[in-house]
Amino acid sequence: MNVRIGVSCGTSSSPRAELFHLDIRYSKSLLASGALPLILPIVHNHALVDRLLDQVDGLLLSGGVDISPHLYGEHLLKPSYQYDKKRDQFDLLLYRAARKRKMPVFGICRGFQLINVAEGGTLYQDIPTQVKTSIHHQSTSEQDMEHLIQVNRSSELFQILKKDEVMVNSIHHQAIKELARTLRASAVAPDGIIEAFEGKEGGWLMGVQFHPERLTEQEEFRELIEYFVDVARREK
Amino acid sequence: MKVIGVLCWPFREERSVYDQTNAFFIELIERYGALPLIIATFDAKDPVEPILEAVDGIIFVGGNDVAGFRFGEDPHPKSSYIDWRRDDFEMRLYKAARKRGLPMMGVCRGMQLINIAGGGDIYQDIPEDRDPYVRHRSFEDPLHVNFHRIFNRSGAMRELFGEQMIVNSFHHQGVRRVAEGFKATSFSADGQVEAIESLDGDVIGLQFHPEYECDQPESGKLFEHFISRCKDRGR
């Protein structure tokens, strides 16, 4: 375990306190890939963001709550949509500081969307309301495969998955609308929804809309996480 | 900068399990000049040694009851929220970190876990097993919070706070036989152990929750004291 991955976390509250949480499948899949997962708490003093990143060799932006549409210049489509301003702000700080030092960054679901927003892209706030599609992107049974993705042959993702088409899980109701100019799509769903991207420049950067950390029974998704861990180990 | 690892308790939803911890710990660590990291719960197959390289001190937090078999007893009818995975991970981590000389703080279950991992034991249910007259938990209040006096007899507790102080209280288990190499340093009026400290001063266990009263000077002093015991390994 000679490589450490920092993982962003979510917030919730109890009657007594604010809480930080992370689905255990992120840390389990990193441990299985030989990395030490370290969960990065949302600290008050933002000068500590760089100290947190000093402790790790790669950054994994995890899934979770919707991103505030104000961050890409839109108002809330429905007032009932929930977002977490504090987490948005902290995730953006982590992302920018990691990119500045060319640290490998991997984004999953919300993390994938956050990278696009940080790079200047936009999101659909709600796929069922805004996109005409017959594909079900928000599965009710998380373990099950929900839809195909088509992988771009010239992408790094293709080198890892080694397949033109892969079935993935799908647990999201938001999606990328305009992809940031600094990113290149590496996989799409049959309805055109972007399912994966890679960074065009700077340090190693990849994002996926699906959840590989919940699919580690399957070799190709295990290899995707191992690939990220290997990049972090090599570049540390 | 000193790095302090904060452990988690499991939170279950219909389709997911989360590692979860209290933001007040993070706030207090930050306030007293150290860097907080949250440590995920490991499976039995995962080695804990890499954690010891990554942190300079560890906080064992509150939550689930520890399974009775960990100290040679059968399950008590009043004992609940047993988590095998968490018990196993924390016992292994405590033992490995103790060997390495890492300072540790245990809060509520965290203190009980440390005492058990060190060879001591606990009352599985204070109201049934020892008939105390101090109410260590409020039963009317859904949050179960009570406040009561404790008497500091020795150790850091006596040095930092003098003879008496008021603490919060929401627990139904408590330390019975203190682990070898430790001393009970604070007690409630009915004689229940409220703090334990290792004889070398590296480990402190508290039955109360300083993090929930994070703006009280006593909580600050405890974190300042704990962080001062941790060695900066130049991170």
# chains A, B, ... in the order shown; residues from 1 in each chain; ligands from 1
$ select_by_dssp --residues "range 1-227 of chain B" --states "strand (DSSP E or B)" --output "PyMOL selection string"
chain B and resi 3-6+9-12+17-22+35-38+57-60+104-107+122-123+146-152+164-169+174-175+182-188+193-198+203-206
$ interface_residues --of "chain A" --to "chain B" --cutoff "7 Å" --atoms "only C-alpha atoms" --output "PDB file with N, CA and C atoms, in the first residue's frame"
ATOM      1  N   MET A   1       0.849  -1.205   0.000  1.00  0.00           N
ATOM      2  CA  MET A   1       0.000   0.000   0.000  1.00  0.00           C
ATOM      3  C   MET A   1       0.878   1.247   0.000  1.00  0.00           C
ATOM      4  N   ALA A  17     -25.393  17.313  15.390  1.00  0.00           N
ATOM      5  CA  ALA A  17     -24.137  17.703  14.752  1.00  0.00           C
ATOM      6  C   ALA A  17     -24.198  17.605  13.247  1.00  0.00           C
ATOM      7  N   GLU A  18     -23.213  18.257  12.608  1.00  0.00           N
ATOM      8  CA  GLU A  18     -22.997  18.043  11.189  1.00  0.00           C
ATOM      9  C   GLU A  18     -22.115  16.803  11.048  1.00  0.00           C
ATOM     10  N   LEU A  19     -22.388  16.016   9.993  1.00  0.00           N
ATOM     11  CA  LEU A  19     -21.647  14.771   9.815  1.00  0.00           C
ATOM     12  C   LEU A  19     -20.984  14.742   8.444  1.00  0.00           C
ATOM     13  N   PHE A  20     -19.880  14.017   8.339  1.00  0.00           N
ATOM     14  CA  PHE A  20     -19.261  13.744   7.045  1.00  0.00           C
ATOM     15  C   PHE A  20     -19.402  12.257   6.765  1.00  0.00           C
ATOM     16  N   HIS A  21     -19.688  11.913   5.507  1.00  0.00           N
ATOM     17  CA  HIS A  21     -19.875  10.500   5.208  1.00  0.00           C
ATOM     18  C   HIS A  21     -19.336  10.127   3.825  1.00  0.00           C
ATOM     19  N   LEU A  22     -19.047   8.831   3.667  1.00  0.00           N
ATOM     20  CA  LEU A  22     -18.602   8.294   2.373  1.00  0.00           C
ATOM     21  C   LEU A  22     -19.082   6.851   2.254  1.00  0.00           C
ATOM     22  N   ASP A  23     -19.705   6.531   1.128  1.00  0.00           N
ATOM     23  CA  ASP A  23     -20.120   5.158   0.842  1.00  0.00           C
ATOM     24  C   ASP A  23     -18.883   4.253   0.932  1.00  0.00           C
ATOM     25  N   ILE A  24     -19.030   3.134   1.665  1.00  0.00           N
ATOM     26  CA  ILE A  24     -17.838   2.318   1.944  1.00  0.00           C
ATOM     27  C   ILE A  24     -17.267   1.656   0.691  1.00  0.00           C
ATOM     28  N   SER A  27     -13.829   3.238  -0.500  1.00  0.00           N
ATOM     29  CA  SER A  27     -12.610   2.820   0.204  1.00  0.00           C
ATOM     30  C   SER A  27     -12.330   1.334  -0.022  1.00  0.00           C
ATOM     31  N   LEU A  36      -4.120   3.146  -0.154  1.00  0.00           N
ATOM     32  CA  LEU A  36      -4.655   3.556   1.149  1.00  0.00           C
ATOM     33  C   LEU A  36      -5.633   4.707   0.909  1.00  0.00           C
ATOM     34  N   LEU A  38      -7.772   7.839   2.024  1.00  0.00           N
ATOM     35  CA  LEU A  38      -7.853   8.813   3.117  1.00  0.00           C
ATOM     36  C   LEU A  38      -8.990   9.770   2.776  1.00  0.00           C
ATOM     37  N   ILE A  39     -10.004   9.833   3.646  1.00  0.00           N
ATOM     38  CA  ILE A  39     -11.163  10.680   3.376  1.00  0.00           C
ATOM     39  C   ILE A  39     -10.805  12.119   3.779  1.00  0.00           C
ATOM     40  N   LEU A  40     -11.025  13.048   2.856  1.00  0.00           N
ATOM     41  CA  LEU A  40     -10.618  14.435   3.091  1.00  0.00           C
ATOM     42  C   LEU A  40     -11.795  15.219   3.658  1.00  0.00           C
ATOM     43  N   PRO A  41     -11.730  15.617   4.936  1.00  0.00           N
ATOM     44  CA  PRO A  41     -12.867  16.321   5.544  1.00  0.00           C
ATOM     45  C   PRO A  41     -12.965  17.757   5.035  1.00  0.00           C
TER      46      PRO A  41
END
$ select_by_dssp --residues "range 15-185 of chain A" --states "helix (DSSP H, G or I)" --output "ChimeraX atom specification"
/A:24-32,48-54,69-72,85-100,110-118,127-130,156-161
$ residues_around --residues "Ile204 in chain B" --least-positions-apart "2" --cutoff "9 Å" --atoms "only C-alpha atoms" --output "mmCIF file with C-alpha atoms, in the first residue's frame"
data_model
loop_
_atom_site.group_PDB
_atom_site.id
_atom_site.type_symbol
_atom_site.label_atom_id
_atom_site.label_comp_id
_atom_site.auth_asym_id
_atom_site.auth_seq_id
_atom_site.Cartn_x
_atom_site.Cartn_y
_atom_site.Cartn_z
ATOM 1 C CA PRO B 103 -1.068 8.845 20.921
ATOM 2 C CA MET B 104 -4.770 8.027 20.871
ATOM 3 C CA MET B 105 -7.984 9.474 22.236
ATOM 4 C CA GLY B 106 -11.132 7.414 22.763
ATOM 5 C CA VAL B 107 -14.564 8.968 23.161
ATOM 6 C CA MET B 111 -12.769 4.600 25.388
ATOM 7 C CA ALA B 156 -4.089 14.694 32.873
ATOM 8 C CA ALA B 195 -11.822 8.709 32.087
ATOM 9 C CA ILE B 196 -8.911 6.312 31.680
ATOM 10 C CA GLU B 197 -5.307 7.171 30.870
ATOM 11 C CA SER B 198 -2.364 4.982 29.952
ATOM 12 C CA GLY B 201 0.188 9.336 29.110
ATOM 13 C CA ASP B 202 -0.094 8.531 25.375
ATOM 14 C CA LEU B 206 -13.294 9.766 27.923
ATOM 15 C CA PHE B 226 -4.068 15.361 23.037
#
$ atom_distance --atom1 "CA of Ile135 in chain A" --atom2 "CA of Lys78 in chain A"
22.1 Å
$ residues_around --residues "range 182-191 of chain B" --least-positions-apart "5" --cutoff "6 Å" --atoms "only C-alpha atoms" --output "MDAnalysis selection string"
chainID B and resid 132 150:155 196:199
$ atom_distance --atom1 "CA of Leu92 in chain A" --atom2 "CA of Gly202 in chain A"
16.6 Å
$ residues_around --residues "Ile126 in chain B" --least-positions-apart "3" --cutoff "9 Å" --atoms "only C-alpha atoms" --output "PyMOL selection string"
chain B and resi 123+129-132+136+171-174+192
$ write_last_selection --atoms "C-alpha atoms" --output "PDB file, in the first residue's frame"
ATOM      1  CA  TYR B 123     -20.523  -3.281  31.898  1.00  0.00           C
ATOM      2  CA  ASP B 129     -25.441  -4.528  35.767  1.00  0.00           C
ATOM      3  CA  ARG B 130     -24.437  -2.065  38.445  1.00  0.00           C
ATOM      4  CA  ASP B 131     -27.460  -0.113  39.653  1.00  0.00           C
ATOM      5  CA  PRO B 132     -25.957   3.365  39.582  1.00  0.00           C
ATOM      6  CA  HIS B 136     -25.799   8.302  32.627  1.00  0.00           C
ATOM      7  CA  HIS B 171     -24.223   6.047  27.328  1.00  0.00           C
ATOM      8  CA  HIS B 172     -25.524   2.804  28.777  1.00  0.00           C
ATOM      9  CA  GLN B 173     -22.243   0.882  28.829  1.00  0.00           C
ATOM     10  CA  GLY B 174     -19.132   1.773  30.815  1.00  0.00           C
ATOM     11  CA  GLN B 192     -18.524   4.848  37.373  1.00  0.00           C
TER      12      GLN B 192
END
$ atom_distance --atom1 "CA of Ile4 in chain B" --atom2 "CA of Arg85 in chain B"
22.0 Å
$ decode --residues "range 25-65 of chain B" --atoms "N, CA and C atoms" --output "PDB file, in the first residue's frame"
ATOM      1  N   PHE B  25     -15.310  16.921  15.530  1.00  0.00           N
ATOM      2  CA  PHE B  25     -13.932  16.435  15.717  1.00  0.00           C
ATOM      3  C   PHE B  25     -12.981  17.165  14.762  1.00  0.00           C
ATOM      4  N   ILE B  26     -13.452  17.300  13.523  1.00  0.00           N
ATOM      5  CA  ILE B  26     -12.629  17.943  12.495  1.00  0.00           C
ATOM      6  C   ILE B  26     -12.344  19.392  12.899  1.00  0.00           C
ATOM      7  N   GLU B  27     -13.408  20.050  13.382  1.00  0.00           N
ATOM      8  CA  GLU B  27     -13.301  21.451  13.774  1.00  0.00           C
ATOM      9  C   GLU B  27     -12.300  21.633  14.921  1.00  0.00           C
ATOM     10  N   LEU B  28     -12.381  20.764  15.922  1.00  0.00           N
ATOM     11  CA  LEU B  28     -11.492  20.895  17.085  1.00  0.00           C
ATOM     12  C   LEU B  28     -10.040  20.616  16.709  1.00  0.00           C
ATOM     13  N   ILE B  29      -9.812  19.624  15.856  1.00  0.00           N
ATOM     14  CA  ILE B  29      -8.439  19.294  15.434  1.00  0.00           C
ATOM     15  C   ILE B  29      -7.832  20.485  14.696  1.00  0.00           C
ATOM     16  N   GLU B  30      -8.642  21.034  13.791  1.00  0.00           N
ATOM     17  CA  GLU B  30      -8.211  22.185  13.008  1.00  0.00           C
ATOM     18  C   GLU B  30      -7.915  23.376  13.921  1.00  0.00           C
ATOM     19  N   ARG B  31      -8.797  23.606  14.871  1.00  0.00           N
ATOM     20  CA  ARG B  31      -8.676  24.764  15.762  1.00  0.00           C
ATOM     21  C   ARG B  31      -7.381  24.716  16.559  1.00  0.00           C
ATOM     22  N   TYR B  32      -6.916  23.519  16.879  1.00  0.00           N
ATOM     23  CA  TYR B  32      -5.694  23.416  17.684  1.00  0.00           C
ATOM     24  C   TYR B  32      -4.477  23.072  16.839  1.00  0.00           C
ATOM     25  N   GLY B  33      -4.531  23.458  15.565  1.00  0.00           N
ATOM     26  CA  GLY B  33      -3.326  23.500  14.741  1.00  0.00           C
ATOM     27  C   GLY B  33      -2.885  22.206  14.090  1.00  0.00           C
ATOM     28  N   ALA B  34      -3.740  21.177  14.098  1.00  0.00           N
ATOM     29  CA  ALA B  34      -3.357  19.927  13.423  1.00  0.00           C
ATOM     30  C   ALA B  34      -4.219  19.742  12.176  1.00  0.00           C
ATOM     31  N   LEU B  35      -3.826  18.758  11.373  1.00  0.00           N
ATOM     32  CA  LEU B  35      -4.536  18.491  10.121  1.00  0.00           C
ATOM     33  C   LEU B  35      -5.411  17.244  10.297  1.00  0.00           C
ATOM     34  N   PRO B  36      -6.738  17.369  10.132  1.00  0.00           N
ATOM     35  CA  PRO B  36      -7.612  16.197  10.299  1.00  0.00           C
ATOM     36  C   PRO B  36      -7.763  15.396   9.018  1.00  0.00           C
ATOM     37  N   LEU B  37      -7.754  14.069   9.146  1.00  0.00           N
ATOM     38  CA  LEU B  37      -8.093  13.164   8.041  1.00  0.00           C
ATOM     39  C   LEU B  37      -9.111  12.173   8.592  1.00  0.00           C
ATOM     40  N   ILE B  38     -10.032  11.716   7.749  1.00  0.00           N
ATOM     41  CA  ILE B  38     -11.001  10.714   8.189  1.00  0.00           C
ATOM     42  C   ILE B  38     -10.524   9.351   7.706  1.00  0.00           C
ATOM     43  N   ILE B  39     -10.513   8.383   8.601  1.00  0.00           N
ATOM     44  CA  ILE B  39     -10.026   7.043   8.265  1.00  0.00           C
ATOM     45  C   ILE B  39     -11.225   6.116   8.065  1.00  0.00           C
ATOM     46  N   ALA B  40     -11.325   5.551   6.869  1.00  0.00           N
ATOM     47  CA  ALA B  40     -12.408   4.607   6.554  1.00  0.00           C
ATOM     48  C   ALA B  40     -12.224   3.322   7.355  1.00  0.00           C
ATOM     49  N   THR B  41     -13.313   2.599   7.575  1.00  0.00           N
ATOM     50  CA  THR B  41     -13.252   1.305   8.257  1.00  0.00           C
ATOM     51  C   THR B  41     -12.757   0.240   7.276  1.00  0.00           C
ATOM     52  N   PHE B  42     -11.752  -0.526   7.694  1.00  0.00           N
ATOM     53  CA  PHE B  42     -11.157  -1.539   6.818  1.00  0.00           C
ATOM     54  C   PHE B  42     -11.802  -2.898   7.070  1.00  0.00           C
ATOM     55  N   ASP B  43     -11.732  -3.759   6.042  1.00  0.00           N
ATOM     56  CA  ASP B  43     -12.147  -5.150   6.201  1.00  0.00           C
ATOM     57  C   ASP B  43     -11.044  -5.939   6.905  1.00  0.00           C
ATOM     58  N   ALA B  44     -11.419  -7.140   7.373  1.00  0.00           N
ATOM     59  CA  ALA B  44     -10.471  -7.974   8.122  1.00  0.00           C
ATOM     60  C   ALA B  44      -9.213  -8.298   7.326  1.00  0.00           C
ATOM     61  N   LYS B  45      -9.317  -8.337   5.994  1.00  0.00           N
ATOM     62  CA  LYS B  45      -8.159  -8.697   5.169  1.00  0.00           C
ATOM     63  C   LYS B  45      -7.219  -7.509   4.926  1.00  0.00           C
ATOM     64  N   ASP B  46      -7.665  -6.303   5.222  1.00  0.00           N
ATOM     65  CA  ASP B  46      -6.854  -5.127   4.902  1.00  0.00           C
ATOM     66  C   ASP B  46      -5.882  -4.808   6.037  1.00  0.00           C
ATOM     67  N   PRO B  47      -4.590  -4.714   5.742  1.00  0.00           N
ATOM     68  CA  PRO B  47      -3.623  -4.402   6.798  1.00  0.00           C
ATOM     69  C   PRO B  47      -3.791  -2.966   7.309  1.00  0.00           C
ATOM     70  N   VAL B  48      -3.642  -2.766   8.620  1.00  0.00           N
ATOM     71  CA  VAL B  48      -3.835  -1.424   9.195  1.00  0.00           C
ATOM     72  C   VAL B  48      -2.529  -0.630   9.276  1.00  0.00           C
ATOM     73  N   GLU B  49      -1.392  -1.295   9.071  1.00  0.00           N
ATOM     74  CA  GLU B  49      -0.104  -0.608   9.238  1.00  0.00           C
ATOM     75  C   GLU B  49       0.051   0.645   8.381  1.00  0.00           C
ATOM     76  N   PRO B  50      -0.428   0.647   7.114  1.00  0.00           N
ATOM     77  CA  PRO B  50      -0.275   1.871   6.314  1.00  0.00           C
ATOM     78  C   PRO B  50      -0.929   3.103   6.957  1.00  0.00           C
ATOM     79  N   ILE B  51      -1.963   2.879   7.763  1.00  0.00           N
ATOM     80  CA  ILE B  51      -2.606   4.019   8.446  1.00  0.00           C
ATOM     81  C   ILE B  51      -1.612   4.647   9.420  1.00  0.00           C
ATOM     82  N   LEU B  52      -0.811   3.789  10.070  1.00  0.00           N
ATOM     83  CA  LEU B  52       0.115   4.298  11.089  1.00  0.00           C
ATOM     84  C   LEU B  52       1.199   5.173  10.476  1.00  0.00           C
ATOM     85  N   GLU B  53       1.482   4.938   9.180  1.00  0.00           N
ATOM     86  CA  GLU B  53       2.458   5.777   8.477  1.00  0.00           C
ATOM     87  C   GLU B  53       1.844   7.120   8.100  1.00  0.00           C
ATOM     88  N   ALA B  54       0.518   7.146   8.003  1.00  0.00           N
ATOM     89  CA  ALA B  54      -0.156   8.340   7.471  1.00  0.00           C
ATOM     90  C   ALA B  54      -0.589   9.330   8.553  1.00  0.00           C
ATOM     91  N   VAL B  55      -0.658   8.891   9.813  1.00  0.00           N
ATOM     92  CA  VAL B  55      -1.161   9.789  10.869  1.00  0.00           C
ATOM     93  C   VAL B  55      -0.223   9.820  12.068  1.00  0.00           C
ATOM     94  N   ASP B  56      -0.339  10.884  12.868  1.00  0.00           N
ATOM     95  CA  ASP B  56       0.481  11.045  14.076  1.00  0.00           C
ATOM     96  C   ASP B  56      -0.318  10.792  15.346  1.00  0.00           C
ATOM     97  N   GLY B  57      -1.630  10.655  15.206  1.00  0.00           N
ATOM     98  CA  GLY B  57      -2.498  10.375  16.349  1.00  0.00           C
ATOM     99  C   GLY B  57      -3.848   9.914  15.820  1.00  0.00           C
ATOM    100  N   ILE B  58      -4.604   9.192  16.661  1.00  0.00           N
ATOM    101  CA  ILE B  58      -5.883   8.633  16.201  1.00  0.00           C
ATOM    102  C   ILE B  58      -6.973   8.916  17.234  1.00  0.00           C
ATOM    103  N   ILE B  59      -8.171   9.255  16.736  1.00  0.00           N
ATOM    104  CA  ILE B  59      -9.326   9.416  17.628  1.00  0.00           C
ATOM    105  C   ILE B  59     -10.340   8.314  17.348  1.00  0.00           C
ATOM    106  N   PHE B  60     -10.640   7.537  18.384  1.00  0.00           N
ATOM    107  CA  PHE B  60     -11.668   6.480  18.319  1.00  0.00           C
ATOM    108  C   PHE B  60     -12.975   7.109  18.779  1.00  0.00           C
ATOM    109  N   VAL B  61     -13.987   7.089  17.921  1.00  0.00           N
ATOM    110  CA  VAL B  61     -15.207   7.852  18.185  1.00  0.00           C
ATOM    111  C   VAL B  61     -16.312   6.967  18.780  1.00  0.00           C
ATOM    112  N   GLY B  62     -17.440   7.575  19.045  1.00  0.00           N
ATOM    113  CA  GLY B  62     -18.543   6.886  19.707  1.00  0.00           C
ATOM    114  C   GLY B  62     -19.385   6.043  18.757  1.00  0.00           C
ATOM    115  N   GLY B  63     -20.429   5.433  19.309  1.00  0.00           N
ATOM    116  CA  GLY B  63     -21.338   4.666  18.463  1.00  0.00           C
ATOM    117  C   GLY B  63     -21.667   3.304  19.016  1.00  0.00           C
ATOM    118  N   ASN B  64     -21.582   2.306  18.135  1.00  0.00           N
ATOM    119  CA  ASN B  64     -22.039   0.944  18.430  1.00  0.00           C
ATOM    120  C   ASN B  64     -21.505   0.379  19.740  1.00  0.00           C
ATOM    121  N   ASP B  65     -22.279  -0.502  20.368  1.00  0.00           N
ATOM    122  CA  ASP B  65     -21.773  -1.315  21.480  1.00  0.00           C
ATOM    123  C   ASP B  65     -20.720  -2.276  20.938  1.00  0.00           C
TER     124      ASP B  65
END
